[in-house]
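Everything on this sheet refers to the single structure shown next.
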Amino acid sequence: WEIVGSNNLATWESIDERHIEPWKGNNNVSSYSTKNHKLYRYIRIKLKGRNSGNANYLYLTSIEFFGSYQ
């Protein structure tokens with residue numbers, strides 16, 4: 001998956017991209033940091049391939065972004 005940001009909905013820049021192994025079990029929690037510290041008005045999460053179940057969708061029960069905003 002990839003997280004991208006935009007300020008105009010036309011041009012999108014990569015904030016972070018991950019290629020991870022399938023999680024085992026339930027209630028998994030993961031934290032990731034990024035080196036991109038630019039400010040964006042819009043955030044989008046894109047699935048870049050099939051998931052561990054060989055399907056084209058991403059399961060998320062919650063997501064939090066930490067940092068500052070203006």
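As shown in the structure tokens, the chain order sets the letters A, B, ...; within each chain, residues go from 1, and ligands are also counted from 1 in the order they appear.
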DSSP strand (DSSP E or B) residues within chain A, as a PyMOL selection string: chain A and resi 2-6+13-17+42-46
Neighbours of A:Glu21 within 12 Å (only C-alpha atoms; same-chain residues fewer than 2 positions away dropped), as a PDB file with N, CA, C and O atoms, in the first residue's frame?
ATOM      1  N   TRP A   1       0.826  -1.165   0.000  1.00  0.00           N
ATOM      2  CA  TRP A   1       0.000   0.000   0.000  1.00  0.00           C
ATOM      3  C   TRP A   1       0.871   1.229   0.000  1.00  0.00           C
ATOM      4  O   TRP A   1       2.062   1.167   0.288  1.00  0.00           O
ATOM      5  N   ARG A  18       4.612   0.785   1.646  1.00  0.00           N
ATOM      6  CA  ARG A  18       4.993  -0.416   2.394  1.00  0.00           C
ATOM      7  C   ARG A  18       4.670  -1.669   1.597  1.00  0.00           C
ATOM      8  O   ARG A  18       3.645  -1.743   0.911  1.00  0.00           O
ATOM      9  N   HIS A  19       5.558  -2.618   1.722  1.00  0.00           N
ATOM     10  CA  HIS A  19       5.369  -3.965   1.171  1.00  0.00           C
ATOM     11  C   HIS A  19       5.594  -4.890   2.350  1.00  0.00           C
ATOM     12  O   HIS A  19       6.736  -5.170   2.710  1.00  0.00           O
ATOM     13  N   TRP A  23      -0.170 -10.261   8.251  1.00  0.00           N
ATOM     14  CA  TRP A  23      -0.234 -10.329   9.699  1.00  0.00           C
ATOM     15  C   TRP A  23      -0.922 -11.623  10.096  1.00  0.00           C
ATOM     16  O   TRP A  23      -1.867 -12.065   9.467  1.00  0.00           O
ATOM     17  N   LYS A  24      -0.453 -12.190  11.168  1.00  0.00           N
ATOM     18  CA  LYS A  24      -1.061 -13.419  11.666  1.00  0.00           C
ATOM     19  C   LYS A  24      -1.866 -13.097  12.915  1.00  0.00           C
ATOM     20  O   LYS A  24      -1.413 -12.344  13.766  1.00  0.00           O
ATOM     21  N   ARG A  50      -2.401  -7.046  -4.857  1.00  0.00           N
ATOM     22  CA  ARG A  50      -3.347  -7.905  -4.148  1.00  0.00           C
ATOM     23  C   ARG A  50      -2.931  -8.053  -2.692  1.00  0.00           C
ATOM     24  O   ARG A  50      -1.749  -8.028  -2.374  1.00  0.00           O
ATOM     25  N   ASN A  51      -3.912  -8.233  -1.820  1.00  0.00           N
ATOM     26  CA  ASN A  51      -3.626  -8.413  -0.400  1.00  0.00           C
ATOM     27  C   ASN A  51      -3.212  -9.863  -0.133  1.00  0.00           C
ATOM     28  O   ASN A  51      -3.120 -10.676  -1.052  1.00  0.00           O
ATOM     29  N   SER A  52      -2.959 -10.201   1.137  1.00  0.00           N
ATOM     30  CA  SER A  52      -2.489 -11.545   1.481  1.00  0.00           C
ATOM     31  C   SER A  52      -3.532 -12.612   1.189  1.00  0.00           C
ATOM     32  O   SER A  52      -3.209 -13.789   1.097  1.00  0.00           O
ATOM     33  N   GLY A  53      -4.801 -12.232   1.018  1.00  0.00           N
ATOM     34  CA  GLY A  53      -5.852 -13.155   0.628  1.00  0.00           C
ATOM     35  C   GLY A  53      -6.053 -13.203  -0.879  1.00  0.00           C
ATOM     36  O   GLY A  53      -7.048 -13.720  -1.367  1.00  0.00           O
TER      37      GLY A  53
END
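Rounded to one decimal, atom CA of A:Glu13 and atom CA of A:Tyr59 lie 22.8 Å from each other.
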Distance query A:Ser62 at most 12 Å, only C-alpha atoms, self and fewer than 6 positions along chain excluded, as a VMD selection string: chain A and resid 27 to 30
Coordinates-based distance that separates atom CA of A:Ile3 from atom CA of A:Ile63 (Å, one decimal): 11.8 Å
Please provide the set of residues having any atom within 12 Å of A:His37, restricted to only C-alpha atoms, with same-chain residues fewer than 5 positions apart removed, written as a short mmCIF file (atom, residue, chain, number, x, y, z; two decimals) with C-alpha atoms, in the first residue's frame.
data_model
loop_
_atom_site.label_atom_id
_atom_site.label_comp_id
_atom_site.auth_asym_id
_atom_site.auth_seq_id
_atom_site.Cartn_x
_atom_site.Cartn_y
_atom_site.Cartn_z
CA GLY A 5 -0.77 13.54 -0.35
CA GLU A 13 3.15 12.89 -3.97
CA SER A 14 4.19 9.73 -2.16
CA ILE A 15 4.32 10.07 1.62
CA ASP A 16 5.06 6.43 2.42
CA PHE A 66 0.38 11.82 14.26
CA GLY A 67 2.07 15.15 13.72
CA SER A 68 1.19 18.79 13.36
CA TYR A 69 -1.07 20.63 11.00
#
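With only C-alpha atoms as the atoms that count, the residue of A:Leu60, A:Val4, A:Ala55, A:Ala10 with the shortest distance to A:Leu39 is A:Val4.
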A:Trp12 environment, 12 Å, only C-alpha atoms, sequence neighbours closer than 5 positions dropped, as a ChimeraX atom specification: /A:2-7,40-46
